[in-house]
>>> print(open('query14.cif').read())   # mmCIF, C-alpha atoms and all ligand atoms
data_entry
#
loop_
_atom_site.label_atom_id
_atom_site.label_comp_id
_atom_site.auth_asym_id
_atom_site.auth_seq_id
_atom_site.Cartn_x
_atom_site.Cartn_y
_atom_site.Cartn_z
CA MET A 1 109.28 51.32 115.90
CA LYS A 2 108.02 47.78 116.10
CA PHE A 3 111.21 46.12 114.95
CA VAL A 4 113.47 47.90 117.40
CA SER A 5 111.27 46.98 120.34
CA LYS A 6 111.22 43.31 119.27
CA THR A 7 115.03 43.28 119.11
CA ILE A 8 115.31 44.92 122.51
CA VAL A 9 113.00 42.30 124.04
CA LEU A 10 115.12 39.57 122.48
CA ILE A 11 118.38 41.05 123.77
CA SER A 12 116.96 41.58 127.27
CA LEU A 13 115.75 37.99 127.38
CA LEU A 14 119.19 36.75 126.39
CA MET A 15 120.79 39.03 129.00
CA LEU A 16 118.45 37.75 131.73
CA THR A 17 119.60 34.20 130.99
CA ALA A 18 123.19 35.36 130.99
CA CYS A 19 122.90 36.90 134.49
CA SER A 20 122.82 33.53 136.26
CA GLU A 21 125.97 32.35 134.48
CA ASN A 22 129.63 33.05 135.27
CA THR A 23 131.73 35.74 133.66
CA GLY A 24 133.20 33.51 130.98
CA GLN A 25 129.82 32.34 129.91
CA GLU A 26 128.46 35.86 130.06
CA LYS A 27 130.98 36.93 127.43
CA LYS A 28 130.04 34.00 125.24
CA GLN A 29 126.38 34.79 125.76
CA ALA A 30 126.95 38.39 124.78
CA LYS A 31 128.66 37.22 121.63
CA ASP A 32 125.78 34.86 120.87
CA SER A 33 123.23 37.55 121.44
CA LYS A 34 125.08 39.78 118.99
CA SER A 35 124.99 37.15 116.27
CA THR A 36 121.34 36.38 117.06
CA GLN A 37 120.62 40.07 116.64
CA ALA A 38 122.38 40.13 113.27
CA VAL A 39 120.36 37.17 112.06
CA THR A 40 117.14 38.80 113.28
CA GLU A 41 118.03 42.00 111.45
CA GLU A 42 118.55 40.12 108.23
CA LYS A 43 115.29 38.25 108.54
CA ALA A 44 113.00 40.95 109.87
CA GLN A 45 112.67 43.26 106.91
CA LYS A 46 111.17 46.66 107.35
CA ILE A 47 109.95 49.38 105.02
CA VAL A 48 109.53 53.00 106.02
CA VAL A 49 106.87 55.04 104.20
CA TYR A 50 106.44 58.81 104.22
CA SER A 51 102.81 59.39 103.31
CA SER A 52 100.57 62.37 102.71
CA ARG A 53 97.66 59.98 102.35
CA LYS A 54 95.64 59.81 105.54
CA GLU A 55 96.33 56.99 107.96
CA HIS A 56 92.93 55.32 107.57
CA LEU A 57 93.54 55.05 103.81
CA ILE A 58 96.95 53.38 104.10
CA LYS A 59 96.91 51.36 107.33
CA PRO A 60 94.60 48.56 106.11
CA PHE A 61 96.91 47.99 103.12
CA PHE A 62 100.07 47.96 105.20
CA GLU A 63 98.56 45.49 107.67
CA GLU A 64 97.52 43.19 104.85
CA PHE A 65 100.96 43.41 103.23
CA THR A 66 102.72 42.63 106.53
CA ALA A 67 100.37 39.70 107.15
CA ASN A 68 101.17 38.30 103.70
CA THR A 69 104.91 38.89 103.63
CA GLY A 70 106.16 39.30 107.21
CA ILE A 71 107.68 42.62 106.15
CA ASP A 72 106.98 45.31 108.76
CA ILE A 73 106.01 48.81 107.68
CA ASP A 74 106.63 51.97 109.66
CA TYR A 75 105.09 55.17 108.38
CA ILE A 76 104.70 58.82 109.13
CA THR A 77 102.00 61.05 107.67
CA ASP A 78 102.23 64.75 106.90
CA LYS A 79 101.41 67.11 104.05
CA ALA A 80 103.20 66.42 100.77
CA GLY A 81 105.29 69.62 100.71
CA PRO A 82 106.85 69.17 104.18
CA LEU A 83 107.54 65.49 103.46
CA VAL A 84 109.47 66.35 100.30
CA THR A 85 111.39 69.03 102.20
CA ARG A 86 112.18 66.48 104.91
CA LEU A 87 113.36 63.88 102.38
CA LYS A 88 115.61 66.48 100.82
CA ALA A 89 117.03 67.62 104.16
CA GLU A 90 117.65 64.06 105.35
CA GLY A 91 119.42 63.15 102.12
CA ALA A 92 121.27 59.83 102.35
CA ARG A 93 120.36 59.56 106.06
CA THR A 94 116.63 59.29 105.40
CA PRO A 95 114.95 56.22 106.85
CA ALA A 96 112.24 56.47 104.16
CA ASP A 97 111.98 53.86 101.40
CA ILE A 98 108.73 55.09 99.86
CA PHE A 99 107.08 58.47 99.30
CA MET A 100 103.32 58.22 98.88
CA THR A 101 101.00 61.12 98.12
CA VAL A 102 98.00 62.43 96.22
CA ASP A 103 98.14 64.44 93.01
CA ALA A 104 100.59 64.08 90.16
CA GLY A 105 101.72 67.63 90.91
CA ASN A 106 103.13 66.49 94.25
CA LEU A 107 104.79 63.42 92.73
CA TRP A 108 106.25 65.61 90.01
CA LEU A 109 107.64 67.95 92.69
CA ALA A 110 109.27 65.04 94.54
CA LYS A 111 110.93 63.97 91.30
CA ARG A 112 112.12 67.49 90.53
CA GLU A 113 113.59 67.78 94.04
CA GLY A 114 115.58 64.62 93.31
CA VAL A 115 114.24 62.53 96.19
CA LEU A 116 112.97 59.61 94.09
CA GLN A 117 114.66 56.96 91.96
CA SER A 118 113.71 55.23 88.70
CA VAL A 119 112.65 51.61 88.94
CA THR A 120 112.24 48.83 86.43
CA SER A 121 109.16 46.73 87.02
CA ALA A 122 107.28 44.66 84.46
CA THR A 123 104.48 44.27 87.03
CA LEU A 124 103.98 48.02 87.37
CA GLU A 125 104.21 48.55 83.60
CA ASN A 126 101.54 45.93 83.19
CA ASN A 127 99.23 47.12 85.99
CA VAL A 128 99.47 50.91 85.69
CA ALA A 129 98.46 52.77 82.50
CA GLN A 130 101.28 54.71 80.84
CA ASN A 131 99.71 58.14 81.33
CA LEU A 132 99.41 57.45 85.07
CA GLN A 133 103.13 56.91 85.57
CA ASP A 134 106.23 59.06 85.38
CA PRO A 135 107.96 58.80 81.97
CA ASP A 136 111.17 57.92 83.87
CA ASN A 137 109.39 55.47 86.19
CA GLN A 138 110.09 57.47 89.33
CA TRP A 139 106.44 57.36 90.41
CA PHE A 140 103.36 55.29 89.65
CA GLY A 141 99.65 56.01 90.07
CA LEU A 142 97.83 53.67 92.43
CA THR A 143 94.35 55.16 92.38
CA VAL A 144 92.57 57.45 89.94
CA ARG A 145 90.37 60.32 91.05
CA ALA A 146 88.15 62.22 88.64
CA ARG A 147 87.64 65.98 88.97
CA THR A 148 84.00 66.15 88.00
CA MET A 149 81.07 68.53 88.09
CA VAL A 150 78.27 68.46 90.62
CA TYR A 151 74.94 70.18 90.14
CA ASP A 152 71.63 70.94 91.81
CA LYS A 153 69.19 68.34 90.53
CA ASN A 154 66.25 70.70 91.08
CA LYS A 155 67.66 73.64 89.15
CA VAL A 156 69.95 72.22 86.47
CA LYS A 157 69.29 69.56 83.85
CA PRO A 158 72.30 67.39 82.99
CA GLU A 159 71.78 68.31 79.31
CA GLU A 160 72.69 71.89 80.20
CA LEU A 161 76.13 70.76 81.34
CA SER A 162 78.92 69.88 78.97
CA SER A 163 82.53 70.80 79.74
CA TYR A 164 84.89 72.64 82.09
CA GLU A 165 85.25 75.22 79.32
CA ASP A 166 81.50 75.76 79.21
CA LEU A 167 81.42 76.82 82.87
CA ALA A 168 83.01 80.08 81.63
CA ASP A 169 79.86 80.87 79.62
CA PRO A 170 77.86 83.86 80.94
CA LYS A 171 74.81 81.60 81.26
CA TRP A 172 76.39 80.34 84.52
CA GLN A 173 76.78 83.83 85.97
CA GLY A 174 76.15 83.82 89.72
CA ARG A 175 75.56 80.04 89.68
CA LEU A 176 79.07 78.56 90.04
CA CYS A 177 80.88 77.44 93.21
CA LEU A 178 84.59 76.57 93.26
CA ARG A 179 87.18 75.43 95.75
CA THR A 180 90.17 77.69 96.37
CA SER A 181 92.92 77.98 93.75
CA LYS A 182 95.42 77.17 96.54
CA LYS A 183 94.47 73.50 96.36
CA VAL A 184 96.74 71.39 94.18
CA TYR A 185 93.70 69.64 92.63
CA ASN A 186 92.63 72.90 90.95
CA GLN A 187 96.20 73.78 90.04
CA SER A 188 96.50 70.44 88.23
CA LEU A 189 93.16 70.91 86.48
CA VAL A 190 94.17 74.36 85.24
CA ALA A 191 97.60 73.03 84.25
CA MET A 192 95.92 70.39 82.10
CA LEU A 193 93.67 73.05 80.53
CA ILE A 194 96.83 75.01 79.67
CA ALA A 195 98.37 71.86 78.16
CA ARG A 196 95.28 71.37 76.02
CA HIS A 197 94.42 74.93 74.98
CA GLY A 198 97.53 77.03 75.51
CA GLU A 199 97.80 79.81 78.09
CA VAL A 200 95.75 82.48 76.31
CA LYS A 201 92.62 80.38 75.88
CA ALA A 202 93.04 78.75 79.31
CA GLU A 203 93.21 82.20 80.88
CA SER A 204 89.96 83.30 79.27
CA ILE A 205 88.27 80.09 80.51
CA ILE A 206 89.43 80.57 84.10
CA LYS A 207 88.53 84.27 84.00
CA GLY A 208 85.05 83.21 82.89
CA TRP A 209 84.80 80.89 85.91
CA VAL A 210 85.77 83.68 88.27
CA ASP A 211 83.19 86.01 86.65
CA ASN A 212 80.52 83.35 87.17
CA LEU A 213 81.20 82.68 90.86
CA ALA A 214 78.17 82.84 93.14
CA THR A 215 80.33 83.29 96.20
CA ALA A 216 84.00 83.31 97.29
CA PRO A 217 85.87 80.01 96.72
CA PHE A 218 85.57 77.38 99.47
CA SER A 219 88.37 75.72 101.42
CA ASN A 220 87.38 72.19 100.41
CA ASP A 221 85.34 70.12 97.96
CA THR A 222 82.80 68.96 100.55
CA LYS A 223 81.83 72.60 101.20
CA VAL A 224 81.25 73.08 97.46
CA VAL A 225 78.77 70.17 97.40
CA LYS A 226 77.08 71.42 100.58
CA ALA A 227 76.77 74.96 99.17
CA ILE A 228 74.93 73.53 96.16
CA GLU A 229 72.74 71.47 98.48
CA ALA A 230 71.97 74.61 100.47
CA GLY A 231 70.99 76.55 97.31
CA GLN A 232 73.96 78.94 97.38
CA CYS A 233 74.94 77.93 93.87
CA GLU A 234 73.89 75.40 91.22
CA VAL A 235 77.04 73.88 89.81
CA GLY A 236 80.58 73.21 91.01
CA ILE A 237 83.79 71.25 90.38
CA VAL A 238 84.88 68.58 92.87
CA ASN A 239 86.73 65.27 93.07
CA SER A 240 84.17 62.52 92.64
CA TYR A 241 84.92 60.72 95.94
CA TYR A 242 83.98 63.79 98.02
CA PHE A 243 80.56 63.77 96.40
CA GLY A 244 80.49 59.97 96.79
CA ARG A 245 80.93 60.19 100.56
CA LEU A 246 78.02 62.62 100.90
CA GLU A 247 75.87 60.54 98.55
CA LYS A 248 76.66 57.43 100.58
CA GLU A 249 75.55 59.21 103.77
CA ASN A 250 72.40 60.53 102.11
CA PRO A 251 71.29 58.68 98.95
CA ASP A 252 68.48 61.27 98.51
CA ILE A 253 70.93 64.17 98.29
CA SER A 254 69.63 66.92 95.95
CA VAL A 255 73.03 67.14 94.24
CA ALA A 256 74.16 64.88 91.37
CA LEU A 257 77.49 64.17 89.75
CA TYR A 258 78.23 64.90 86.10
CA LEU A 259 81.23 63.57 84.21
CA PRO A 260 82.31 66.45 81.93
CA GLU A 261 83.40 64.25 79.09
CA ASN A 262 82.42 66.77 76.44
CA SER A 263 85.47 68.74 77.43
CA GLU A 264 87.99 68.47 74.63
CA GLN A 265 90.29 66.49 76.87
CA GLY A 266 87.73 64.20 78.47
CA VAL A 267 87.33 64.04 82.23
CA HIS A 268 90.26 65.46 84.15
CA VAL A 269 91.71 62.70 86.27
CA ASN A 270 94.49 62.72 88.78
CA ILE A 271 96.12 60.04 90.87
CA SER A 272 97.34 59.09 94.24
CA GLY A 273 100.64 57.33 93.81
CA ALA A 274 104.02 56.37 95.14
CA GLY A 275 107.70 56.22 94.32
CA ILE A 276 110.81 54.70 95.84
CA THR A 277 113.07 57.23 97.52
CA LYS A 278 116.50 57.91 96.13
CA HIS A 279 118.21 56.72 99.31
CA ALA A 280 115.90 53.81 100.15
CA LYS A 281 117.53 51.31 102.51
CA ASN A 282 115.26 48.50 101.37
CA PRO A 283 114.37 49.22 97.73
CA LYS A 284 113.55 45.59 96.96
CA ALA A 285 110.88 45.26 99.61
CA ALA A 286 109.68 48.78 98.79
CA LEU A 287 109.12 47.77 95.17
CA GLN A 288 107.38 44.62 96.35
CA LEU A 289 104.93 46.79 98.32
CA ILE A 290 104.22 49.19 95.43
CA GLU A 291 103.77 46.27 93.03
CA TRP A 292 101.34 44.64 95.44
CA LEU A 293 99.40 47.91 95.79
CA SER A 294 98.87 47.83 92.01
CA SER A 295 97.66 44.22 92.07
CA LYS A 296 94.05 43.15 91.69
CA SER A 297 93.45 42.38 95.35
CA ALA A 298 94.86 45.67 96.66
CA GLN A 299 93.14 47.62 93.88
CA GLN A 300 89.81 46.13 94.90
CA MET A 301 90.45 47.28 98.46
CA TYR A 302 91.23 50.79 97.23
CA ALA A 303 88.06 50.98 95.12
CA GLY A 304 85.87 50.23 98.13
CA LEU A 305 87.73 52.28 100.72
CA ASN A 306 87.77 55.77 99.23
CA LEU A 307 85.39 55.52 96.24
CA GLU A 308 88.27 56.16 93.85
CA TYR A 309 88.77 54.51 90.48
CA PRO A 310 91.30 51.67 90.37
CA ALA A 311 94.53 52.52 88.52
CA ASN A 312 94.64 48.91 87.34
CA THR A 313 92.07 48.78 84.54
CA ALA A 314 91.58 45.04 85.08
CA VAL A 315 89.74 45.98 88.28
CA LYS A 316 86.23 47.47 88.25
CA SER A 317 85.13 50.36 90.42
CA ILE A 318 82.43 49.68 92.97
CA GLU A 319 78.73 49.86 92.06
CA GLN A 320 78.09 53.33 93.51
CA VAL A 321 80.92 54.72 91.35
CA GLN A 322 79.85 52.75 88.27
CA ALA A 323 76.39 54.30 88.59
CA TRP A 324 77.87 57.74 87.84
CA GLY A 325 78.53 56.61 84.27
CA GLU A 326 81.49 55.45 82.26
CA LEU A 327 84.66 57.40 82.89
CA ASN A 328 86.02 58.81 79.65
CA ALA A 329 89.27 60.07 81.11
CA ASP A 330 91.87 62.43 79.71
CA THR A 331 94.80 60.36 78.52
CA MET A 332 97.44 63.06 78.54
CA ASN A 333 100.42 62.12 80.72
CA LEU A 334 99.89 63.48 84.21
CA SER A 335 103.47 64.70 84.50
CA LYS A 336 102.17 67.67 82.46
CA ALA A 337 100.12 68.67 85.50
CA GLY A 338 103.30 69.08 87.49
CA GLU A 339 105.27 70.72 84.74
CA LEU A 340 102.66 73.40 84.10
CA GLN A 341 101.64 73.94 87.70
CA PRO A 342 103.69 77.12 88.25
CA ALA A 343 102.10 78.60 85.09
CA ALA A 344 98.67 77.55 86.38
CA VAL A 345 99.23 79.24 89.75
CA GLN A 346 100.30 82.47 88.05
CA LEU A 347 97.37 82.35 85.65
CA MET A 348 94.82 81.92 88.46
CA ASP A 349 96.43 84.80 90.31
CA ARG A 350 96.21 87.05 87.22
CA VAL A 351 92.47 86.49 86.82
CA GLY A 352 91.77 86.97 90.52
CA TYR A 353 90.88 83.35 91.32
CA LYS A 354 91.48 83.30 95.06
FE FE B 401 91.34 64.65 98.51
#
>>> encode(input="query14.cif", output="structure tokens")
Amino acid sequence: MKFVSKTIVLISLLMLTACSENTGQEKKQAKDSKSTQAVTEEKAQKIVVYSSRKEHLIKPFFEEFTANTGIDIDYITDKAGPLVTRLKAEGARTPADIFMTVDAGNLWLAKREGVLQSVTSATLENNVAQNLQDPDNQWFGLTVRARTMVYDKNKVKPEELSSYEDLADPKWQGRLCLRTSKKVYNQSLVAMLIARHGEVKAESIIKGWVDNLATAPFSNDTKVVKAIEAGQCEVGIVNSYYFGRLEKENPDISVALYLPENSEQGVHVNISGAGITKHAKNPKAALQLIEWLSSKSAQQMYAGLNLEYPANTAVKSIEQVQAWGELNADTMNLSKAGELQPAAVQLMDRVGYK
């Protein structure tokens, strides 16, 4: 805790001075040091962030914000579920001002658990598209990630690909690779398919996927891309930035990205985002941070750092991402992904999607 240590240094310095003085002065000094401490506390603002985003994806932003505003930021990182549980358990005693995470499903959960608060911000309304924010303004998207297809350039022509729904067609039998249904990204994708098609049709689509699997689902998106590269399968579904990282490492990679915009809903997108906690001690500064994260300069940083799409449409994605084609994203409100997630989990279980 940076702030605490600074205060302690200040108090010890004042005490050291006081030691050479007599008792009367010592008392006065102690009094002075108390008031100095109070002033310092008022001036040195601090925000505490609970984040399920990885440290290397948040630290550069926090450092920049502190440099610009003098507001210190302390943070802890953990998985989204445990952080929400912790916020709930801490209740009014929580030190956290902001909850930051990936996937609208996780943000939706935080809202349902009552650990966030609604905010009014013209800046956020202006910077963040409506479908990327909670209808009650308890959370806001800060980056957009597309759940896209990837395919083997040597075996599949892009014209053969069209939609998520089409991957259920028997022509893909033994050619499809998927990540596990345990991952929230797939739960949100299936939830959005339920929102679009209803449960019966969504179930037949997901059953078709399972029937077409070349091998058991993988634990992460990178493994899906690598399995295609290794010839284990020909097509898969991954978040675009995972492919982007591998493409950046090896521009000659034999796998390409396809934006499944022929799906009835357009490309399934999700967000990373943030909300102010219900019991925030410093909600003003917390809002200042979230507003800044949605601004042009921070959005440009985001676009370069993790190959995501900016949530602020006034900011362009980087060239590598632009080269994948124009993103024709689903515009349905992402809170649906959270709402229908339990139904999605049950559906995937019913059709044997592990
Ligand atoms: Fe991810």
>>> residues_near_ligand(input="query14.cif", ligand="ligand FE 401 (chain B)", cutoff="12 Å", atoms="all atoms listed in the file", output="JSON, numbers by chain")
{"A": [52, 53, 54, 57, 79, 101, 102, 103, 143, 144, 145, 146, 147, 179, 183, 184, 185, 186, 219, 220, 221, 222, 238, 239, 240, 241, 242, 243, 244, 245, 270, 271, 272, 306, 307, 308]}
>>> closest_atom_pairs(input="query14.cif", of="segment 142-251 of chain A", to="segment 260-265 of chain A", cutoff="7 Å", atoms="all atoms listed in the file", output="JSON lines")
{"residue": "A:Thr148", "atom": "CA", "partner": "A:Pro260", "partner_atom": "CA", "distance": 6.3}
{"residue": "A:Met149", "atom": "CA", "partner": "A:Pro260", "partner_atom": "CA", "distance": 6.6}
{"residue": "A:Ser162", "atom": "CA", "partner": "A:Asn262", "partner_atom": "CA", "distance": 5.3}
{"residue": "A:Ser163", "atom": "CA", "partner": "A:Ser263", "partner_atom": "CA", "distance": 4.3}
{"residue": "A:Tyr164", "atom": "CA", "partner": "A:Ser263", "partner_atom": "CA", "distance": 6.1}
{"residue": "A:Glu165", "atom": "CA", "partner": "A:Ser263", "partner_atom": "CA", "distance": 6.8}
>>> residues_around(input="query14.cif", residues="Pro217 of chain A", least_positions_apart="4", cutoff="7 Å", atoms="all atoms listed in the file", output="VMD selection string")
chain A and resid 177 to 180 354
>>> closest_residue(input="query14.cif", among="A:Val150, A:Leu259, A:Val119, A:Leu87", to="Asp136 of chain A", atoms="only C-alpha atoms")
A:Val119
>>> atom_distance(input="query14.cif", atom1="atom CA of His279 of chain A", atom2="atom CA of Asn137 of chain A")
15.9 Å
>>> atom_distance(input="query14.cif", atom1="atom CA of Lys171 of chain A", atom2="atom CA of Val235 of chain A")
11.7 Å
>>> build_atoms(input="query14.cif", residues="segment 104-123 of chain A", atoms="N, CA, C and O atoms", output="CSV table (one decimal), in the frame of the given file")
chain,number,residue,atom,x,y,z
A,104,ALA,N,99.4,64.2,91.0
A,104,ALA,CA,100.6,64.1,90.2
A,104,ALA,C,101.5,65.3,90.3
A,104,ALA,O,102.7,65.2,90.2
A,105,GLY,N,100.9,66.4,90.7
A,105,GLY,CA,101.7,67.6,90.9
A,105,GLY,C,102.7,67.4,92.0
A,105,GLY,O,103.9,67.8,92.0
A,106,ASN,N,102.3,66.8,93.1
A,106,ASN,CA,103.1,66.5,94.2
A,106,ASN,C,104.2,65.5,93.9
A,106,ASN,O,105.3,65.6,94.3
A,107,LEU,N,103.8,64.4,93.1
A,107,LEU,CA,104.8,63.4,92.7
A,107,LEU,C,105.8,64.0,91.8
A,107,LEU,O,107.0,63.7,91.9
A,108,TRP,N,105.3,64.9,90.9
A,108,TRP,CA,106.2,65.6,90.0
A,108,TRP,C,107.3,66.5,90.8
A,108,TRP,O,108.4,66.5,90.5
A,109,LEU,N,106.8,67.1,91.8
A,109,LEU,CA,107.6,68.0,92.7
A,109,LEU,C,108.7,67.1,93.4
A,109,LEU,O,109.9,67.5,93.4
A,110,ALA,N,108.3,65.9,93.9
A,110,ALA,CA,109.3,65.0,94.5
A,110,ALA,C,110.4,64.6,93.6
A,110,ALA,O,111.6,64.6,93.9
A,111,LYS,N,110.0,64.4,92.3
A,111,LYS,CA,110.9,64.0,91.3
A,111,LYS,C,111.9,65.1,91.0
A,111,LYS,O,113.1,65.0,91.0
A,112,ARG,N,111.3,66.3,90.8
A,112,ARG,CA,112.1,67.5,90.5
A,112,ARG,C,113.1,67.8,91.6
A,112,ARG,O,114.2,68.2,91.4
A,113,GLU,N,112.7,67.5,92.9
A,113,GLU,CA,113.6,67.8,94.0
A,113,GLU,C,114.6,66.7,94.2
A,113,GLU,O,115.5,66.7,95.1
A,114,GLY,N,114.6,65.7,93.3
A,114,GLY,CA,115.6,64.6,93.3
A,114,GLY,C,115.5,63.6,94.5
A,114,GLY,O,116.5,63.1,94.8
A,115,VAL,N,114.3,63.4,95.0
A,115,VAL,CA,114.2,62.5,96.2
A,115,VAL,C,113.7,61.1,95.8
A,115,VAL,O,113.5,60.3,96.7
A,116,LEU,N,113.5,60.9,94.5
A,116,LEU,CA,113.0,59.6,94.1
A,116,LEU,C,114.0,58.9,93.2
A,116,LEU,O,114.9,59.6,92.7
A,117,GLN,N,113.8,57.7,92.9
A,117,GLN,CA,114.7,57.0,92.0
A,117,GLN,C,113.8,56.2,90.9
A,117,GLN,O,112.7,55.8,91.2
A,118,SER,N,114.4,56.0,89.8
A,118,SER,CA,113.7,55.2,88.7
A,118,SER,C,113.7,53.8,89.0
A,118,SER,O,114.7,53.3,89.6
A,119,VAL,N,112.7,53.1,88.7
A,119,VAL,CA,112.6,51.6,88.9
A,119,VAL,C,112.2,50.9,87.7
A,119,VAL,O,111.6,51.5,86.8
A,120,THR,N,112.6,49.7,87.6
A,120,THR,CA,112.2,48.8,86.4
A,120,THR,C,111.3,47.8,87.0
A,120,THR,O,111.7,47.0,87.8
A,121,SER,N,110.1,47.7,86.5
A,121,SER,CA,109.2,46.7,87.0
A,121,SER,C,108.1,46.4,86.0
A,121,SER,O,107.3,47.2,85.6
A,122,ALA,N,108.2,45.1,85.5
A,122,ALA,CA,107.3,44.7,84.5
A,122,ALA,C,105.9,44.6,85.1
A,122,ALA,O,104.9,44.9,84.4
A,123,THR,N,105.8,44.3,86.3
A,123,THR,CA,104.5,44.3,87.0
A,123,THR,C,103.8,45.6,87.0
A,123,THR,O,102.6,45.8,86.6
